[in-house]
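What follows is the content of upload_14.pdb, which has PDB, C-alpha atoms:
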```pdb
MODEL        1
ATOM      1  CA  LEU A   1      72.030   8.857-102.141  1.00  0.00           C
ATOM      2  CA  VAL A   2      75.687   9.323-103.085  1.00  0.00           C
ATOM      3  CA  SER A   3      75.999  12.232-100.640  1.00  0.00           C
ATOM      4  CA  ALA A   4      74.534  10.115 -97.825  1.00  0.00           C
ATOM      5  CA  ALA A   5      76.959   7.283 -98.615  1.00  0.00           C
ATOM      6  CA  GLN A   6      79.880   9.711 -98.605  1.00  0.00           C
ATOM      7  CA  ALA A   7      78.823  11.119 -95.244  1.00  0.00           C
ATOM      8  CA  ALA A   8      78.332   7.648 -93.718  1.00  0.00           C
ATOM      9  CA  SER A   9      81.612   6.201 -95.008  1.00  0.00           C
ATOM     10  CA  GLY A  10      83.801   9.277 -94.835  1.00  0.00           C
ATOM     11  CA  CYS A  11      84.897   8.657 -98.428  1.00  0.00           C
ATOM     12  CA  ALA A  12      84.875  11.585-100.814  1.00  0.00           C
ATOM     13  CA  ILE A  13      85.503   9.431-103.895  1.00  0.00           C
ATOM     14  CA  PHE A  14      84.265   5.922-104.582  1.00  0.00           C
ATOM     15  CA  PRO A  15      86.083   3.415-106.810  1.00  0.00           C
ATOM     16  CA  SER A  16      84.861   3.221-110.387  1.00  0.00           C
ATOM     17  CA  PRO A  17      82.864   0.065-111.170  1.00  0.00           C
ATOM     18  CA  GLU A  18      84.041  -2.257-113.924  1.00  0.00           C
ATOM     19  CA  GLN A  19      82.244  -4.837-116.097  1.00  0.00           C
ATOM     20  CA  PHE A  20      78.866  -3.132-115.596  1.00  0.00           C
ATOM     21  CA  ARG A  21      75.979  -5.466-116.440  1.00  0.00           C
ATOM     22  CA  TYR A  22      72.221  -4.999-116.633  1.00  0.00           C
ATOM     23  CA  LYS A  23      69.842  -7.904-116.013  1.00  0.00           C
ATOM     24  CA  VAL A  24      66.450  -7.283-117.531  1.00  0.00           C
ATOM     25  CA  GLY A  25      63.769  -6.746-114.912  1.00  0.00           C
ATOM     26  CA  ARG A  26      66.084  -7.692-112.056  1.00  0.00           C
ATOM     27  CA  GLY A  27      68.834  -5.102-111.508  1.00  0.00           C
ATOM     28  CA  VAL A  28      72.450  -4.238-112.240  1.00  0.00           C
ATOM     29  CA  SER A  29      75.838  -5.592-111.231  1.00  0.00           C
ATOM     30  CA  ALA A  30      79.454  -4.546-111.539  1.00  0.00           C
ATOM     31  CA  THR A  31      82.894  -5.522-110.308  1.00  0.00           C
ATOM     32  CA  ILE A  32      84.427  -3.275-107.646  1.00  0.00           C
ATOM     33  CA  HIS A  33      87.954  -4.106-106.481  1.00  0.00           C
ATOM     34  CA  GLY A  34      87.431  -7.634-107.797  1.00  0.00           C
ATOM     35  CA  VAL A  35      84.126  -8.159-105.958  1.00  0.00           C
ATOM     36  CA  ASP A  36      80.920  -8.846-107.891  1.00  0.00           C
ATOM     37  CA  VAL A  37      78.379  -6.396-106.416  1.00  0.00           C
ATOM     38  CA  ARG A  38      74.725  -6.794-107.389  1.00  0.00           C
ATOM     39  CA  ILE A  39      71.893  -4.326-106.803  1.00  0.00           C
ATOM     40  CA  GLY A  40      68.255  -5.026-107.569  1.00  0.00           C
ATOM     41  CA  SER A  41      65.098  -6.818-106.565  1.00  0.00           C
ATOM     42  CA  LEU A  42      64.581  -9.647-104.087  1.00  0.00           C
ATOM     43  CA  ALA A  43      64.186 -11.903-107.134  1.00  0.00           C
ATOM     44  CA  PHE A  44      67.723 -10.917-108.191  1.00  0.00           C
ATOM     45  CA  LEU A  45      69.042 -12.051-104.796  1.00  0.00           C
ATOM     46  CA  GLU A  46      67.114 -15.316-105.064  1.00  0.00           C
ATOM     47  CA  GLU A  47      68.566 -15.943-108.523  1.00  0.00           C
ATOM     48  CA  SER A  48      72.078 -15.359-107.170  1.00  0.00           C
ATOM     49  CA  LEU A  49      71.461 -17.891-104.398  1.00  0.00           C
ATOM     50  CA  LYS A  50      70.127 -20.397-106.918  1.00  0.00           C
ATOM     51  CA  GLU A  51      73.068 -19.778-109.248  1.00  0.00           C
ATOM     52  CA  LEU A  52      75.561 -20.533-106.477  1.00  0.00           C
ATOM     53  CA  ARG A  53      73.443 -23.304-104.986  1.00  0.00           C
ATOM     54  CA  GLN A  54      73.397 -21.550-101.649  1.00  0.00           C
ATOM     55  CA  ASP A  55      70.578 -21.983 -99.146  1.00  0.00           C
ATOM     56  CA  LEU A  56      69.946 -19.112 -96.735  1.00  0.00           C
ATOM     57  CA  ALA A  57      66.504 -20.297 -95.647  1.00  0.00           C
ATOM     58  CA  ASP A  58      67.639 -20.468 -92.021  1.00  0.00           C
ATOM     59  CA  ASP A  59      69.725 -17.301 -92.138  1.00  0.00           C
ATOM     60  CA  GLU A  60      68.381 -14.833 -89.570  1.00  0.00           C
ATOM     61  CA  SER A  61      69.515 -11.767 -91.502  1.00  0.00           C
ATOM     62  CA  LEU A  62      67.627 -12.906 -94.621  1.00  0.00           C
ATOM     63  CA  LYS A  63      64.485 -13.528 -92.573  1.00  0.00           C
ATOM     64  CA  GLN A  64      64.710 -10.028 -91.097  1.00  0.00           C
ATOM     65  CA  LEU A  65      65.275  -8.592 -94.563  1.00  0.00           C
ATOM     66  CA  GLU A  66      62.184 -10.339 -95.959  1.00  0.00           C
ATOM     67  CA  VAL A  67      60.014  -9.064 -93.092  1.00  0.00           C
ATOM     68  CA  TRP A  68      61.363  -5.523 -93.492  1.00  0.00           C
ATOM     69  CA  ALA A  69      60.889  -5.631 -97.269  1.00  0.00           C
ATOM     70  CA  ALA A  70      57.288  -6.827 -96.892  1.00  0.00           C
ATOM     71  CA  GLU A  71      56.548  -3.947 -94.507  1.00  0.00           C
ATOM     72  CA  LYS A  72      58.056  -1.422 -96.897  1.00  0.00           C
ATOM     73  CA  ARG A  73      56.090  -2.760 -99.843  1.00  0.00           C
ATOM     74  CA  GLU A  74      52.903  -2.487 -97.781  1.00  0.00           C
ATOM     75  CA  SER A  75      53.637   1.225 -97.349  1.00  0.00           C
ATOM     76  CA  ARG A  76      54.076   1.720-101.140  1.00  0.00           C
ATOM     77  CA  ASP A  77      57.884   1.634-101.160  1.00  0.00           C
ATOM     78  CA  SER A  78      60.033  -0.209-103.668  1.00  0.00           C
ATOM     79  CA  VAL A  79      62.818  -2.278-102.130  1.00  0.00           C
ATOM     80  CA  VAL A  80      66.313  -2.530-103.609  1.00  0.00           C
ATOM     81  CA  ILE A  81      68.685  -5.139-102.183  1.00  0.00           C
ATOM     82  CA  VAL A  82      72.466  -4.910-102.322  1.00  0.00           C
ATOM     83  CA  HIS A  83      74.438  -8.137-102.222  1.00  0.00           C
ATOM     84  CA  ALA A  84      77.853  -9.323-103.328  1.00  0.00           C
ATOM     85  CA  VAL A  85      79.373 -12.569-104.497  1.00  0.00           C
ATOM     86  CA  MET A  86      82.643 -13.309-102.705  1.00  0.00           C
ATOM     87  CA  GLU A  87      84.454 -16.644-102.811  1.00  0.00           C
ATOM     88  CA  ARG A  88      81.432 -18.244-104.493  1.00  0.00           C
ATOM     89  CA  LYS A  89      79.145 -17.153-101.670  1.00  0.00           C
ATOM     90  CA  VAL A  90      76.391 -14.529-101.518  1.00  0.00           C
ATOM     91  CA  ARG A  91      76.892 -11.836 -98.906  1.00  0.00           C
ATOM     92  CA  LEU A  92      74.023  -9.543 -97.953  1.00  0.00           C
ATOM     93  CA  LEU A  93      75.259  -5.955 -97.754  1.00  0.00           C
ATOM     94  CA  GLY A  94      72.097  -3.967 -97.195  1.00  0.00           C
ATOM     95  CA  ALA A  95      68.815  -2.751 -98.634  1.00  0.00           C
ATOM     96  CA  LEU A  96      67.139   0.498 -99.629  1.00  0.00           C
ATOM     97  CA  ALA A  97      63.486   1.491 -99.620  1.00  0.00           C
ATOM     98  CA  MET A  98      62.561   4.082-102.223  1.00  0.00           C
ATOM     99  CA  ARG A  99      59.346   5.726-103.281  1.00  0.00           C
ATOM    100  CA  ASP A 100      58.726   7.547-106.542  1.00  0.00           C
ATOM    101  CA  ALA A 101      56.913  10.826-106.083  1.00  0.00           C
ATOM    102  CA  LEU A 102      53.847  11.224-108.247  1.00  0.00           C
ATOM    103  CA  ARG A 103      54.219  13.702-111.061  1.00  0.00           C
ATOM    104  CA  ALA A 104      52.396  16.897-110.200  1.00  0.00           C
ATOM    105  CA  ASP A 105      50.101  16.578-113.212  1.00  0.00           C
ATOM    106  CA  ALA A 106      49.448  12.810-112.949  1.00  0.00           C
ATOM    107  CA  LYS A 107      45.990  12.895-111.325  1.00  0.00           C
ATOM    108  CA  ARG A 108      44.722  15.699-113.519  1.00  0.00           C
ATOM    109  CA  THR A 109      45.992  14.111-116.734  1.00  0.00           C
ATOM    110  CA  ILE A 110      44.589  10.647-116.006  1.00  0.00           C
ATOM    111  CA  ARG A 111      41.231  12.134-115.030  1.00  0.00           C
ATOM    112  CA  HIS A 112      41.185  14.074-118.311  1.00  0.00           C
ATOM    113  CA  LEU A 113      42.117  10.995-120.363  1.00  0.00           C
ATOM    114  CA  GLN A 114      39.414   8.852-118.775  1.00  0.00           C
ATOM    115  CA  LYS A 115      36.534  11.288-118.286  1.00  0.00           C
ATOM    116  CA  ASP A 116      36.997  13.876-121.035  1.00  0.00           C
ATOM    117  CA  LEU A 117      38.602  11.804-123.806  1.00  0.00           C
ATOM    118  CA  GLY A 118      36.888   8.529-122.893  1.00  0.00           C
ATOM    119  CA  LEU A 119      40.099   6.478-122.921  1.00  0.00           C
ATOM    120  CA  GLU A 120      40.771   3.293-120.951  1.00  0.00           C
ATOM    121  CA  VAL A 121      43.910   3.825-118.851  1.00  0.00           C
ATOM    122  CA  TRP A 122      45.981   0.883-117.626  1.00  0.00           C
ATOM    123  CA  MET A 123      49.045   0.706-115.401  1.00  0.00           C
ATOM    124  CA  CYS A 124      51.716  -1.841-116.322  1.00  0.00           C
ATOM    125  CA  THR A 125      54.692  -1.790-113.978  1.00  0.00           C
ATOM    126  CA  GLY A 126      57.522  -3.850-112.566  1.00  0.00           C
ATOM    127  CA  ASP A 127      56.712  -2.613-109.053  1.00  0.00           C
ATOM    128  CA  GLY A 128      55.144  -4.913-106.481  1.00  0.00           C
ATOM    129  CA  ARG A 129      51.368  -5.376-106.473  1.00  0.00           C
ATOM    130  CA  LYS A 130      50.767  -3.443-103.236  1.00  0.00           C
ATOM    131  CA  THR A 131      52.812  -0.477-104.444  1.00  0.00           C
ATOM    132  CA  ALA A 132      51.169  -0.468-107.863  1.00  0.00           C
ATOM    133  CA  GLN A 133      47.643  -0.676-106.457  1.00  0.00           C
ATOM    134  CA  ALA A 134      48.298   2.147-103.979  1.00  0.00           C
ATOM    135  CA  ILE A 135      49.575   4.447-106.723  1.00  0.00           C
ATOM    136  CA  ALA A 136      46.734   3.462-109.079  1.00  0.00           C
ATOM    137  CA  LYS A 137      44.185   4.277-106.393  1.00  0.00           C
ATOM    138  CA  GLU A 138      45.794   7.652-105.790  1.00  0.00           C
ATOM    139  CA  VAL A 139      45.658   8.687-109.454  1.00  0.00           C
ATOM    140  CA  GLY A 140      42.287   7.129-110.230  1.00  0.00           C
ATOM    141  CA  ILE A 141      43.132   3.991-112.223  1.00  0.00           C
ATOM    142  CA  PRO A 142      40.740   1.074-111.484  1.00  0.00           C
ATOM    143  CA  GLU A 143      42.302  -1.841-109.616  1.00  0.00           C
ATOM    144  CA  ASP A 144      41.344  -4.312-112.353  1.00  0.00           C
ATOM    145  CA  ARG A 145      43.462  -2.334-114.816  1.00  0.00           C
ATOM    146  CA  VAL A 146      46.684  -2.721-112.835  1.00  0.00           C
ATOM    147  CA  HIS A 147      49.283  -5.191-114.157  1.00  0.00           C
ATOM    148  CA  ALA A 148      52.072  -5.360-111.554  1.00  0.00           C
ATOM    149  CA  GLU A 149      55.377  -7.214-111.103  1.00  0.00           C
ATOM    150  CA  ALA A 150      55.753  -7.294-114.874  1.00  0.00           C
ATOM    151  CA  LEU A 151      59.039  -8.017-116.611  1.00  0.00           C
ATOM    152  CA  PRO A 152      59.646  -6.291-119.981  1.00  0.00           C
ATOM    153  CA  LYS A 153      58.357  -9.293-121.937  1.00  0.00           C
ATOM    154  CA  HIS A 154      55.230  -9.411-119.760  1.00  0.00           C
ATOM    155  CA  LYS A 155      54.519  -5.754-120.566  1.00  0.00           C
ATOM    156  CA  ALA A 156      54.768  -6.494-124.279  1.00  0.00           C
ATOM    157  CA  GLU A 157      52.521  -9.545-123.857  1.00  0.00           C
ATOM    158  CA  LYS A 158      49.926  -7.389-122.077  1.00  0.00           C
ATOM    159  CA  VAL A 159      49.980  -4.948-124.987  1.00  0.00           C
ATOM    160  CA  GLU A 160      49.378  -7.800-127.442  1.00  0.00           C
ATOM    161  CA  GLU A 161      46.547  -9.082-125.236  1.00  0.00           C
ATOM    162  CA  LEU A 162      44.847  -5.669-125.242  1.00  0.00           C
ATOM    163  CA  LYS A 163      45.283  -5.339-129.010  1.00  0.00           C
ATOM    164  CA  ALA A 164      43.656  -8.734-129.514  1.00  0.00           C
ATOM    165  CA  LYS A 165      40.821  -7.738-127.187  1.00  0.00           C
ATOM    166  CA  LEU A 166      40.141  -4.619-129.240  1.00  0.00           C
ATOM    167  CA  ALA A 167      40.172  -6.678-132.454  1.00  0.00           C
ATOM    168  CA  GLY A 168      40.823  -3.682-134.660  1.00  0.00           C
ATOM    169  CA  GLN A 169      38.110  -1.564-133.008  1.00  0.00           C
ATOM    170  CA  GLY A 170      40.662   0.645-131.262  1.00  0.00           C
ATOM    171  CA  SER A 171      44.355   1.262-130.731  1.00  0.00           C
ATOM    172  CA  VAL A 172      46.755   0.668-127.865  1.00  0.00           C
ATOM    173  CA  CYS A 173      49.105   3.499-126.923  1.00  0.00           C
ATOM    174  CA  VAL A 174      51.944   2.858-124.474  1.00  0.00           C
ATOM    175  CA  VAL A 175      53.733   5.630-122.604  1.00  0.00           C
ATOM    176  CA  GLY A 176      57.062   4.807-120.951  1.00  0.00           C
ATOM    177  CA  ASP A 177      60.439   6.215-120.043  1.00  0.00           C
ATOM    178  CA  GLY A 178      62.641   3.273-119.077  1.00  0.00           C
ATOM    179  CA  VAL A 179      64.642   0.475-120.641  1.00  0.00           C
ATOM    180  CA  ASN A 180      62.084  -2.027-119.361  1.00  0.00           C
ATOM    181  CA  ASP A 181      59.356  -0.242-121.322  1.00  0.00           C
ATOM    182  CA  ALA A 182      61.051  -0.625-124.718  1.00  0.00           C
ATOM    183  CA  PRO A 183      59.442  -3.969-125.736  1.00  0.00           C
ATOM    184  CA  ALA A 184      55.956  -2.667-124.872  1.00  0.00           C
ATOM    185  CA  LEU A 185      56.598   0.596-126.725  1.00  0.00           C
ATOM    186  CA  ALA A 186      57.613  -1.364-129.815  1.00  0.00           C
ATOM    187  CA  ALA A 187      54.596  -3.708-129.557  1.00  0.00           C
ATOM    188  CA  ALA A 188      52.010  -0.937-129.196  1.00  0.00           C
ATOM    189  CA  ASP A 189      50.076   0.631-132.051  1.00  0.00           C
ATOM    190  CA  VAL A 190      51.587   3.897-130.838  1.00  0.00           C
ATOM    191  CA  GLY A 191      54.629   3.977-128.562  1.00  0.00           C
ATOM    192  CA  MET A 192      55.233   7.241-126.758  1.00  0.00           C
ATOM    193  CA  ALA A 193      58.456   7.904-124.816  1.00  0.00           C
ATOM    194  CA  ILE A 194      58.949  10.582-122.202  1.00  0.00           C
ATOM    195  CA  GLY A 195      61.782  12.875-123.320  1.00  0.00           C
ATOM    196  CA  ALA A 196      63.888  12.493-120.161  1.00  0.00           C
ATOM    197  CA  GLY A 197      63.718   8.698-120.314  1.00  0.00           C
ATOM    198  CA  ALA A 198      66.170   6.040-121.399  1.00  0.00           C
ATOM    199  CA  HIS A 199      67.670   6.217-124.884  1.00  0.00           C
ATOM    200  CA  LEU A 200      66.465   2.695-125.715  1.00  0.00           C
ATOM    201  CA  ALA A 201      62.886   3.661-124.862  1.00  0.00           C
ATOM    202  CA  MET A 202      63.083   6.655-127.176  1.00  0.00           C
ATOM    203  CA  GLU A 203      64.442   4.496-129.995  1.00  0.00           C
ATOM    204  CA  ALA A 204      61.581   2.004-129.626  1.00  0.00           C
ATOM    205  CA  ALA A 205      58.866   4.678-129.538  1.00  0.00           C
ATOM    206  CA  ASP A 206      56.965   6.257-132.411  1.00  0.00           C
ATOM    207  CA  VAL A 207      56.626   9.572-130.598  1.00  0.00           C
ATOM    208  CA  VAL A 208      58.916  11.309-128.108  1.00  0.00           C
ATOM    209  CA  LEU A 209      57.518  13.933-125.762  1.00  0.00           C
ATOM    210  CA  VAL A 210      60.298  16.478-125.418  1.00  0.00           C
ATOM    211  CA  ARG A 211      59.116  17.641-122.001  1.00  0.00           C
ATOM    212  CA  SER A 212      58.635  15.211-119.135  1.00  0.00           C
ATOM    213  CA  GLU A 213      55.097  16.425-118.508  1.00  0.00           C
ATOM    214  CA  LEU A 214      52.149  14.053-118.650  1.00  0.00           C
ATOM    215  CA  SER A 215      49.874  16.961-119.562  1.00  0.00           C
ATOM    216  CA  LYS A 216      51.647  17.015-122.950  1.00  0.00           C
ATOM    217  CA  LEU A 217      50.374  13.465-123.515  1.00  0.00           C
ATOM    218  CA  ALA A 218      46.775  14.653-123.339  1.00  0.00           C
ATOM    219  CA  ALA A 219      47.594  17.572-125.623  1.00  0.00           C
ATOM    220  CA  TYR A 220      49.215  15.237-128.154  1.00  0.00           C
ATOM    221  CA  ILE A 221      46.210  12.903-128.211  1.00  0.00           C
ATOM    222  CA  GLN A 222      43.819  15.808-128.669  1.00  0.00           C
ATOM    223  CA  LEU A 223      46.003  17.228-131.447  1.00  0.00           C
ATOM    224  CA  SER A 224      46.001  13.828-133.164  1.00  0.00           C
ATOM    225  CA  LYS A 225      42.202  13.636-132.998  1.00  0.00           C
ATOM    226  CA  ASP A 226      41.867  17.158-134.385  1.00  0.00           C
ATOM    227  CA  SER A 227      44.316  16.382-137.194  1.00  0.00           C
ATOM    228  CA  VAL A 228      42.425  13.244-138.255  1.00  0.00           C
ATOM    229  CA  PHE A 229      39.140  15.162-138.140  1.00  0.00           C
ATOM    230  CA  THR A 230      40.580  17.906-140.365  1.00  0.00           C
ATOM    231  CA  ILE A 231      41.929  15.368-142.877  1.00  0.00           C
ATOM    232  CA  ARG A 232      38.567  13.588-143.117  1.00  0.00           C
ATOM    233  CA  ARG A 233      36.703  16.876-143.453  1.00  0.00           C
ATOM    234  CA  ASN A 234      38.985  17.927-146.303  1.00  0.00           C
ATOM    235  CA  PHE A 235      38.073  14.748-148.187  1.00  0.00           C
ATOM    236  CA  LEU A 236      34.393  15.739-147.993  1.00  0.00           C
ATOM    237  CA  TRP A 237      34.842  19.394-148.850  1.00  0.00           C
TER     238      TRP A 237
ENDMDL
END
```
Starting from the coordinates I provided, produce the structure as structure tokens.
Amino acid sequence: LVSAAQAASGCAIFPSPEQFRYKVGRGVSATIHGVDVRIGSLAFLEESLKELRQDLADDESLKQLEVWAAEKRESRDSVVIVHAVMERKVRLLGALAMRDALRADAKRTIRHLQKDLGLEVWMCTGDGRKTAQAIAKEVGIPEDRVHAEALPKHKAEKVEELKAKLAGQGSVCVVGDGVNDAPALAAADVGMAIGAGAHLAMEAADVVLVRSELSKLAAYIQLSKDSVFTIRRNFLW
């Protein structure tokens, strides 16, 4: 992305951002040459407009952006919008459509967890519903186990809901790698962070998988089951 921006602008070096800020579940912002630049979701843009009491309902560029964003979400892309605040007004700068590639071992691991280990697999994500459902379908997660457009607190609330549903007859394990996953990791019976993820996620987790391979998750669960079995057997013998 940086290389493409350099090629398009002809700039080899970009100015360093200052006053970097992160808004939970929305995006990031920073000051560049005195301009407040914000990058994130459509909800982030809407919050900026509300903050500055600016109405762009009749703005043609915003209408085109919303149509384009809807089309991209239909095709399983996540949309990131870039806007700036200049002279107390929101200026649309552009938008990006991005798609996360599935991990090579995702389908195989989820199939193993559900069919061989008998586990109930859920997807809890901040992505849009269409994107989340398309990915869930591809890896084999039932549509009724998809919780999309979830902010960090919503993910934690979903974990608490599942724990209450189990009523002590099972455990909830959460696997995550981002800052937005930290509350859910902390709320789970077992929080498991992917090794290449955010530092905050690793701090909130009980277990950290050193390698960013989902197949290691299945191996860890099987090892845990075997360990508990061995401990119980030793009590009897």
So, with all atoms listed in the file as the atoms that count, which of A:Thr109, A:Asn234, A:Ser171, A:Ser3 lies closest to Ile141 (chain A)?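 Among A:Thr109, A:Asn234, A:Ser171, A:Ser3, it is A:Thr109 that comes nearest to Ile141 (chain A).
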Could you work out how far CA of Val208 (chain A) lies from CA of Ala193 (chain A), giving the answer in Å with one decimal? 4.8 Å
For Arg88 (chain A): contacts at 12 Å, all atoms listed in the file, fewer than 3 positions along chain excluded, given as number ranges by chain: A: 35-36, 48-54, 84-85, 91
Next, the residues of the selection above should be written as a tab-separated table (two decimals), in the frame of the given file with C-alpha atoms.
```
chain	number	residue	atom	x	y	z
A	35	VAL	CA	84.13	-8.16	-105.96
A	36	ASP	CA	80.92	-8.85	-107.89
A	48	SER	CA	72.08	-15.36	-107.17
A	49	LEU	CA	71.46	-17.89	-104.40
A	50	LYS	CA	70.13	-20.40	-106.92
A	51	GLU	CA	73.07	-19.78	-109.25
A	52	LEU	CA	75.56	-20.53	-106.48
A	53	ARG	CA	73.44	-23.30	-104.99
A	54	GLN	CA	73.40	-21.55	-101.65
A	84	ALA	CA	77.85	-9.32	-103.33
A	85	VAL	CA	79.37	-12.57	-104.50
A	91	ARG	CA	76.89	-11.84	-98.91
```
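Across the chains present, the PyMOL selection byres ((chain A and resi 148-163) around 7) applied to this file returns Gly25, Cys124, Thr125, Gly126, Asp127, Gly128, Arg129, Ala132, Val146, His147, Ala164, Lys165, Leu166, Ala167, Ser171, Val172, Asn180, Asp181, Pro183, Ala184, Ala187 and Ala188 of chain A.
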So the first atom is CA of Val37 (chain A) and the second is CA of Val80 (chain A); what is the distance between them in Å, to one decimal place? 13.0 Å
Can you measure CA of Arg76 (chain A) to CA of Arg99 (chain A) for me? One decimal in Å is fine.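 We find that CA of Arg76 (chain A) and CA of Arg99 (chain A) lie 7.0 Å from each other.
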Report as a PyMOL selection string the full result of the PyMOL selection byres ((chain A and resi 94) around 9) when it is applied to this structure. chain A and resi 65+80-83+92-93+95-96
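The shortest atom-to-atom distance to Lys130 (chain A), with all atoms listed in the file taken into account, belongs to A:Glu71 out of A:Gly178, A:Glu71, A:Val90, A:Leu102.
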Leaving out region 211-225 of chain A and any residue of its chain fewer than 6 positions from it, which residues lie within 10 Å of it when counting only C-alpha atoms, given as a PyMOL selection string? chain A and resi 103-110+112-113+117+173+175+177+192-197
Would you output that residue set with C-alpha atoms, as a compact mmCIF listing (two decimals), in the coordinates of the input?
```
# COMPACT_ATOMS: atom_id res chain seq x y z
CA ARG A 103 54.22 13.70 -111.06
CA ALA A 104 52.40 16.90 -110.20
CA ASP A 105 50.10 16.58 -113.21
CA ALA A 106 49.45 12.81 -112.95
CA LYS A 107 45.99 12.90 -111.32
CA ARG A 108 44.72 15.70 -113.52
CA THR A 109 45.99 14.11 -116.73
CA ILE A 110 44.59 10.65 -116.01
CA HIS A 112 41.18 14.07 -118.31
CA LEU A 113 42.12 11.00 -120.36
CA LEU A 117 38.60 11.80 -123.81
CA CYS A 173 49.10 3.50 -126.92
CA VAL A 175 53.73 5.63 -122.60
CA ASP A 177 60.44 6.22 -120.04
CA MET A 192 55.23 7.24 -126.76
CA ALA A 193 58.46 7.90 -124.82
CA ILE A 194 58.95 10.58 -122.20
CA GLY A 195 61.78 12.88 -123.32
CA ALA A 196 63.89 12.49 -120.16
CA GLY A 197 63.72 8.70 -120.31
```
